[in-house]
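Please read the structure below before turning to the comments.
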Amino acid sequence: MWLMGALSILCAVSNAASEWHCPELSARPSAECSCDLPHTLRCAGDHTALQIIGHHLREQRARNKNSAVSLLDCALRGVTSLTSASVAELSGVGLHGLVISSGDIKRVQQGAFSSMSATLLALGLPNNQLPSVPTEALTCLTYLDRLDLSNNKIHILDSNSFKGIQNLTYLDMSDNQLTNILPGAFEPLSKLSVLRLRGNLLKVSSLNALKEAHILKELDVSSNALEGPVGPFTVPALSFLETLHLSDNTFASIRRGALAGLTNLTHLNLHNNQIDVLEDYAFKHLINLTHLDLSHNEIVAVSGASLAQLLNLAHLDLSHNFLRSLSAEPLKALHHLTDLLLHDNDISMIEDGALVQHKDLRRFTIEDNPLNCDCLMAGFARWLREAKNLPHSDKSAAVCATPPHLEGALISRLSKNKLCDDDHVDTKVIDEANYDYHKVIANTIDDDKAEPVDDLYGDKSDGLDDEMYDEELEIPAEEDLPISKSKVRLLDSWYDDEEVHLSWILEPPSTRRYRCTGVTASKSGGLPKHVACHRASPSNIILRGLKIDPIEKYTFCIALEEMDSKDVPMALVLGCGPPQFVRQRADYMTERPSPVTVPEREALRVSEVRSNVTNEGVLTVLVSVMGLPSPKPQYILPRSQRVSTTDTRFLPLHKCYVVLAVLSRGSLVAQKDTPCKETLEISMEGFIRGPYEVCASISKFKVNEMHPICVVPQLLEPVGTLEMKSGFRSLNTALIGIALGLMIIVIGLVWFVRKMLKKPAEFPAHRCFRTDPLPEENLRASYVMLTATSKV
């Protein structure tokens, strides 16, 4: 978002006069242009593209057409040096922003941009091979406001790097090879407010040079080689700094009084480090901090005093750590907290009252934690119900992991009675033949009335009983629901080593949704045991923690809620199955299958290959294969009804491999084979700048000659093209190189001996050796577009 504000003003002025038109320019292969934003022209071409584009834009300007261009983003093929003559073709166009990248520019001539110095405000030379800042070319740009030199090969910044561009406010040096910043490097940049140094090799000692950027407001030094503790002097005192990114480094802890000189800091990002300790009063100087990201670290506990001074903190991210509990002490001073992210930790207990002061939270994530739902969680369950601003998705993500009978249950739906009562066994012996689920429910309700909750658990303010819970959620309690006239019948029951499966059917059939609220199971003459069914549909009830005796008969009873069109319970369906034995699930294979002949399949072939490369050098290839067997049907039979014989229609295809070959300039640089599937996603690492070709073929036994079917080689798109690193070669390539080297040495020795034996009497008076110029590689441009346009 470089200069979007200025661009919007330009668009408003343009629209007020007349509609802007994209300049029509296409002179393949020299230049090809398009527009994706008003007053922005993006072009690609060869070394003559700038001349063609400049000439065309000057003509358009002379004809007073409504096609004025403010930003030109140009990708050049096969250009290694940027000369003043080529850039001079753009003079008179009135450009405010210019981006030039080829992937190979190593030198920018002195004064290259002098012809545009009066209007140019934003310059980008990203994705090139610049070994240093092109100071001599930039000195004349006294009005330059923004500079992008990201993704080059710059190793060091010194006192002369930014000489002459004192009006710069935005500088992007990300993804270079910076190892050191010398004193005085940023002294000329007295107006610099945004500095991006992400993806370099800087150490903590190099950050001391940043103290010269006095009014810096945003600093990004993530993905560097910063290590050790975050202490008071890790970053020099920058009193205007508001946003600091220290993520993706190897910091190990946060010391007392860390970042002492950043008194106006509001956003601090420390995610993906190795932090395991937050010392007391770690952030005592950062009283204005509003956003703190400590995710993806190794934090086990947060003390009460470590966050005590963050009085203005609104967003706290502690996700993806190793926290084991959440207590009230660390959050006590965070009165303005609105977002608390705790997902993916080891939290099993949330202390009663830990969140009592934070009922207005707008985000609270607790999923992927082993929450133990016992009496200690009653306060948290009540807080969830009272948190009116919390989205339903966050409430529904808080589920029980233990004990087994509450596994998977929503904590917000659990009252204190359910959290504190581990005994679900009725005290009355019920005769098997006269077992009636209606009586069981009535007895349970009578027992609750006979022994009030207050006597068992004390003051109700510490937790909610069932009646208060249902009233708060505006959902009728089970005892308040009318009994439906529908009947439920047990169709099937079976068990294995871990689960008991029940399948029920409604009579008469209904299109309404039903969900299970409870199941009881009793052996012959035994007491009924309540088992959680996790609000499953009646056709697939899974009970865990229930051990089945195969020689005993069991009676199962179920309670179902009948839901209306708004998914609110409207009636209760009750029913019991007859006493019956629970069968053990049959094995998948009961006999040895007889030999079968697999029907002949359609010829296999590769139908499509697509490739892409990420910034991290990972090649991803998508391969589609035709002729494989048809997939299995969409429906899946119940486990108890699956056949034990083999269906030859779905036999796996053996001895079939997709062989992927990656070539660079005709040479094989990587190869990988993968078993055949209809769609394959293959990833390979270790790539840098391309171009290269990708081929896929079908083979048996991993031998390419048997079924050579290859798609048309594909080149990577302009953005992010890479090739294999030079050191990552196959053994054959290395052997060929050694052989060629030995051959050259032998030829040189033979020539030298013959020259000495046949030495001429006289030499010519003057001889000049000039090497033939090497042809420039016509590589497809790789560039990064500036994320904005220029000021007007």
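In the structure tokens, chains take the letters A, B, ... in the order shown, each chain's residues start at 1, and ligands count up from 1 in the order shown.
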Practice task
For Tyr281 in chain A, work out the shell of residues within 8 Å, counting only C-alpha atoms and skipping chain neighbours fewer than 3 positions away, then give it as number ranges by chain.
Solution key: A: 256-257, 284, 305-309
Please save C-alpha atoms of the selected residues as a CSV table (one decimal), in the first residue's frame.
```csv
chain,number,residue,atom,x,y,z
A,256,ARG,CA,13.2,-7.9,32.7
A,257,GLY,CA,12.7,-4.4,31.1
A,284,LYS,CA,7.5,-2.8,32.2
A,305,ALA,CA,4.1,-10.1,37.0
A,306,SER,CA,5.3,-10.7,33.5
A,307,LEU,CA,2.4,-8.9,31.9
A,308,ALA,CA,1.4,-6.6,34.7
A,309,GLN,CA,2.5,-3.4,33.1
```
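The protein and nucleic acid residues lying at most 8 Å from Ile287 in chain A are Thr263, Asn264, Phe283, Gln309, Leu310, Leu311 and Asn312 of chain A, with only C-alpha atoms considered and sequence neighbours fewer than 4 positions away removed.
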Practice task
Do a neighbour search on range 663-679 of chain A at 6 Å with only C-alpha atoms, toss out local chain neighbours closer than 6 positions, and write the hits as number ranges by chain.
Solution key: A: 623-625, 656-657, 692-693, 729
For those residues, write C-alpha atoms to a file as an mmCIF file, in the first residue's frame.
```
data_model
loop_
_atom_site.group_PDB
_atom_site.id
_atom_site.type_symbol
_atom_site.label_atom_id
_atom_site.label_comp_id
_atom_site.auth_asym_id
_atom_site.auth_seq_id
_atom_site.Cartn_x
_atom_site.Cartn_y
_atom_site.Cartn_z
ATOM 1 C CA VAL A 623 0.188 -34.236 -12.184
ATOM 2 C CA SER A 624 -3.109 -35.696 -13.468
ATOM 3 C CA VAL A 625 -3.194 -39.322 -14.620
ATOM 4 C CA CYS A 656 2.836 -48.127 -11.730
ATOM 5 C CA TYR A 657 4.873 -45.006 -11.103
ATOM 6 C CA TYR A 692 13.552 -25.022 -16.394
ATOM 7 C CA GLU A 693 11.338 -27.707 -17.923
ATOM 8 C CA ARG A 729 23.749 -31.741 -9.180
#
```
Practice task
Using only C-alpha atoms, find the one residue out of A:His214, A:His405, A:Lys566, A:His343 that sits nearest to Gly518 in chain A.
Solution key: A:His405
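Summary of the local environment: counting only C-alpha atoms, residues at most 8 Å from Val79 in chain A, other than itself and those fewer than 4 positions away along its chain, are Asp46, His47, Ser102, Asp104, Ile105 and Glu776 of chain A.
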Expected file: the selected residues, N, CA and C atoms, as a PDB file, in the first residue's frame:
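Dumped to selection.pdb:
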```pdb
ATOM      1  N   ASP A  46      11.846  -7.135 -23.976  1.00  0.00           N
ATOM      2  CA  ASP A  46      13.287  -7.337 -24.027  1.00  0.00           C
ATOM      3  C   ASP A  46      14.016  -6.014 -23.776  1.00  0.00           C
ATOM      4  N   HIS A  47      15.294  -5.938 -24.188  1.00  0.00           N
ATOM      5  CA  HIS A  47      16.097  -4.755 -23.872  1.00  0.00           C
ATOM      6  C   HIS A  47      15.635  -3.501 -24.617  1.00  0.00           C
ATOM      7  N   SER A 102      14.597  -7.617 -13.905  1.00  0.00           N
ATOM      8  CA  SER A 102      14.842  -8.613 -14.948  1.00  0.00           C
ATOM      9  C   SER A 102      15.298  -9.935 -14.359  1.00  0.00           C
ATOM     10  N   ASP A 104      18.324 -10.297 -13.508  1.00  0.00           N
ATOM     11  CA  ASP A 104      19.758 -10.392 -13.814  1.00  0.00           C
ATOM     12  C   ASP A 104      20.484  -9.061 -13.775  1.00  0.00           C
ATOM     13  N   ILE A 105      19.834  -7.978 -13.436  1.00  0.00           N
ATOM     14  CA  ILE A 105      20.495  -6.671 -13.413  1.00  0.00           C
ATOM     15  C   ILE A 105      21.527  -6.642 -12.282  1.00  0.00           C
ATOM     16  N   GLU A 776      23.883 -12.904 -24.129  1.00  0.00           N
ATOM     17  CA  GLU A 776      23.120 -12.816 -22.883  1.00  0.00           C
ATOM     18  C   GLU A 776      22.005 -13.843 -22.898  1.00  0.00           C
TER      19      GLU A 776
END
```
Problem - 10 Å contact set for Asn273 in chain A, only C-alpha atoms, chain neighbours under 3 positions out, as a ChimeraX atom specification - result: /A:223,226-227,246-253,270,276,294-298
Practice task
Could you check which of A:Gln580, A:Asn180, A:Thr555, A:Thr338 is closest to Thr290 in chain A, using only C-alpha atoms?
Solution key: A:Thr338
Practice task
Write out as JSON, numbers by chain all residues of range 371-402 of chain A that DSSP puts in helix (DSSP H, G or I) for this structure's backbone.
Solution key: {"A": [375, 376, 377, 378, 379, 380, 381, 382, 383, 384, 385, 386, 392, 393, 394, 395, 396]}
Restrict the selected residues to N, CA and C atoms and save them as a short mmCIF file (atom, residue, chain, number, x, y, z; two decimals), in the first residue's frame.
```cif
data_model
loop_
_atom_site.label_atom_id
_atom_site.label_comp_id
_atom_site.auth_asym_id
_atom_site.auth_seq_id
_atom_site.Cartn_x
_atom_site.Cartn_y
_atom_site.Cartn_z
N CYS A 375 -15.13 -30.19 38.35
CA CYS A 375 -15.74 -29.10 39.12
C CYS A 375 -14.97 -27.78 38.96
N LEU A 376 -13.66 -27.86 38.74
CA LEU A 376 -12.85 -26.65 38.64
C LEU A 376 -13.17 -25.85 37.38
N MET A 377 -13.85 -26.47 36.41
CA MET A 377 -14.17 -25.78 35.16
C MET A 377 -15.56 -25.16 35.18
N ALA A 378 -16.26 -25.24 36.30
CA ALA A 378 -17.62 -24.70 36.36
C ALA A 378 -17.63 -23.20 36.14
N GLY A 379 -16.67 -22.49 36.71
CA GLY A 379 -16.61 -21.05 36.53
C GLY A 379 -16.35 -20.67 35.08
N PHE A 380 -15.47 -21.42 34.41
CA PHE A 380 -15.19 -21.15 32.99
C PHE A 380 -16.42 -21.42 32.13
N ALA A 381 -17.16 -22.50 32.43
CA ALA A 381 -18.37 -22.81 31.67
C ALA A 381 -19.39 -21.67 31.81
N ARG A 382 -19.52 -21.14 33.01
CA ARG A 382 -20.45 -20.04 33.22
C ARG A 382 -19.98 -18.79 32.48
N TRP A 383 -18.67 -18.52 32.50
CA TRP A 383 -18.14 -17.36 31.78
C TRP A 383 -18.43 -17.47 30.28
N LEU A 384 -18.31 -18.66 29.71
CA LEU A 384 -18.61 -18.84 28.29
C LEU A 384 -20.05 -18.46 27.98
N ARG A 385 -20.97 -18.82 28.86
CA ARG A 385 -22.37 -18.52 28.61
C ARG A 385 -22.67 -17.02 28.76
N GLU A 386 -21.92 -16.35 29.62
CA GLU A 386 -22.17 -14.94 29.87
C GLU A 386 -21.41 -14.02 28.91
N HIS A 392 -20.02 -17.44 18.18
CA HIS A 392 -20.44 -18.81 18.44
C HIS A 392 -19.32 -19.81 18.09
N SER A 393 -18.51 -19.50 17.08
CA SER A 393 -17.44 -20.41 16.69
C SER A 393 -16.42 -20.60 17.80
N ASP A 394 -16.14 -19.53 18.57
CA ASP A 394 -15.20 -19.65 19.68
C ASP A 394 -15.80 -20.44 20.84
N LYS A 395 -17.09 -20.24 21.10
CA LYS A 395 -17.74 -21.00 22.17
C LYS A 395 -17.81 -22.49 21.83
N SER A 396 -18.13 -22.80 20.58
CA SER A 396 -18.27 -24.20 20.19
C SER A 396 -16.93 -24.91 20.09
#
```
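When only C-alpha atoms are used to compute distances to Leu178 in chain A, the closest of the residues A:Arg583, A:Arg196, A:His155, A:Arg512 turns out to be A:His155.
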Where in range 330-438 of chain A does DSSP assign strand (DSSP E), given as an mmCIF file with N, CA and C atoms, in the first residue's frame?
```
data_model
loop_
_atom_site.group_PDB
_atom_site.id
_atom_site.type_symbol
_atom_site.label_atom_id
_atom_site.label_comp_id
_atom_site.auth_asym_id
_atom_site.auth_seq_id
_atom_site.Cartn_x
_atom_site.Cartn_y
_atom_site.Cartn_z
ATOM 1 N N ASP A 339 -8.913 -9.543 22.624
ATOM 2 C CA ASP A 339 -8.602 -10.774 21.895
ATOM 3 C C ASP A 339 -7.575 -11.569 22.685
ATOM 4 N N LEU A 340 -7.938 -12.807 23.035
ATOM 5 C CA LEU A 340 -7.029 -13.708 23.743
ATOM 6 C C LEU A 340 -7.001 -15.031 22.995
ATOM 7 N N LEU A 341 -5.856 -15.352 22.404
ATOM 8 C CA LEU A 341 -5.710 -16.550 21.575
ATOM 9 C C LEU A 341 -4.835 -17.556 22.315
ATOM 10 N N MET A 349 -6.656 -27.069 32.556
ATOM 11 C CA MET A 349 -7.462 -26.446 33.600
ATOM 12 C C MET A 349 -7.470 -24.931 33.432
ATOM 13 N N ILE A 350 -8.652 -24.338 33.552
ATOM 14 C CA ILE A 350 -8.814 -22.891 33.561
ATOM 15 C C ILE A 350 -9.361 -22.507 34.928
ATOM 16 N N ARG A 363 -12.719 -12.112 20.969
ATOM 17 C CA ARG A 363 -12.121 -13.342 20.460
ATOM 18 C C ARG A 363 -11.492 -14.097 21.633
ATOM 19 N N PHE A 364 -11.771 -15.401 21.700
ATOM 20 C CA PHE A 364 -11.154 -16.260 22.696
ATOM 21 C C PHE A 364 -11.064 -17.657 22.086
ATOM 22 N N THR A 365 -9.850 -18.079 21.751
ATOM 23 C CA THR A 365 -9.661 -19.381 21.110
ATOM 24 C C THR A 365 -9.000 -20.335 22.087
#
```
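If you measure from each of A:Lys553, A:Lys547, A:Arg198, A:His285 to Leu149 in chain A using only C-alpha atoms, the closest one turns out to be A:Arg198.
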Exercise for the section: Name all residues at most 12 Å from Leu195 in chain A (count only C-alpha atoms; drop same-chain ones fewer than 4 positions away) and give them as a PyMOL selection string. Expected result: chain A and resi 146-150+168-174+186+189+191+210+213-222+241+243-245
C-alpha atoms of the current selection, written as a short mmCIF file (atom, residue, chain, number, x, y, z; two decimals), in the first residue's frame:
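Ended up saving to result-v2.cif:
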```cif
data_model
loop_
_atom_site.label_atom_id
_atom_site.label_comp_id
_atom_site.auth_asym_id
_atom_site.auth_seq_id
_atom_site.Cartn_x
_atom_site.Cartn_y
_atom_site.Cartn_z
CA ARG A 146 10.12 5.38 -1.51
CA LEU A 147 12.77 2.87 -2.55
CA ASP A 148 12.45 -0.90 -2.99
CA LEU A 149 15.69 -2.91 -3.35
CA SER A 150 14.31 -6.21 -2.04
CA LEU A 168 13.29 8.97 1.64
CA THR A 169 10.47 7.84 4.01
CA TYR A 170 10.11 4.17 2.97
CA LEU A 171 12.97 1.69 2.39
CA ASP A 172 12.64 -2.03 1.65
CA MET A 173 15.86 -4.08 1.84
CA SER A 174 14.14 -7.44 2.48
CA PHE A 186 21.10 5.63 7.88
CA LEU A 189 17.83 9.33 5.84
CA LYS A 191 12.93 11.38 7.28
CA LEU A 210 19.51 1.79 13.53
CA ALA A 213 16.96 6.56 12.05
CA HIS A 214 15.57 8.89 14.70
CA ILE A 215 11.92 9.10 13.55
CA LEU A 216 11.49 5.48 12.48
CA LYS A 217 7.90 4.30 13.12
CA GLU A 218 7.93 0.75 11.69
CA LEU A 219 10.82 -1.72 11.71
CA ASP A 220 10.83 -5.29 10.37
CA VAL A 221 13.90 -7.42 11.20
CA SER A 222 12.16 -10.80 11.17
CA LEU A 241 8.85 3.46 16.88
CA THR A 243 5.59 -1.37 15.19
CA LEU A 244 8.41 -3.89 15.62
CA HIS A 245 8.66 -7.32 13.95
#
```
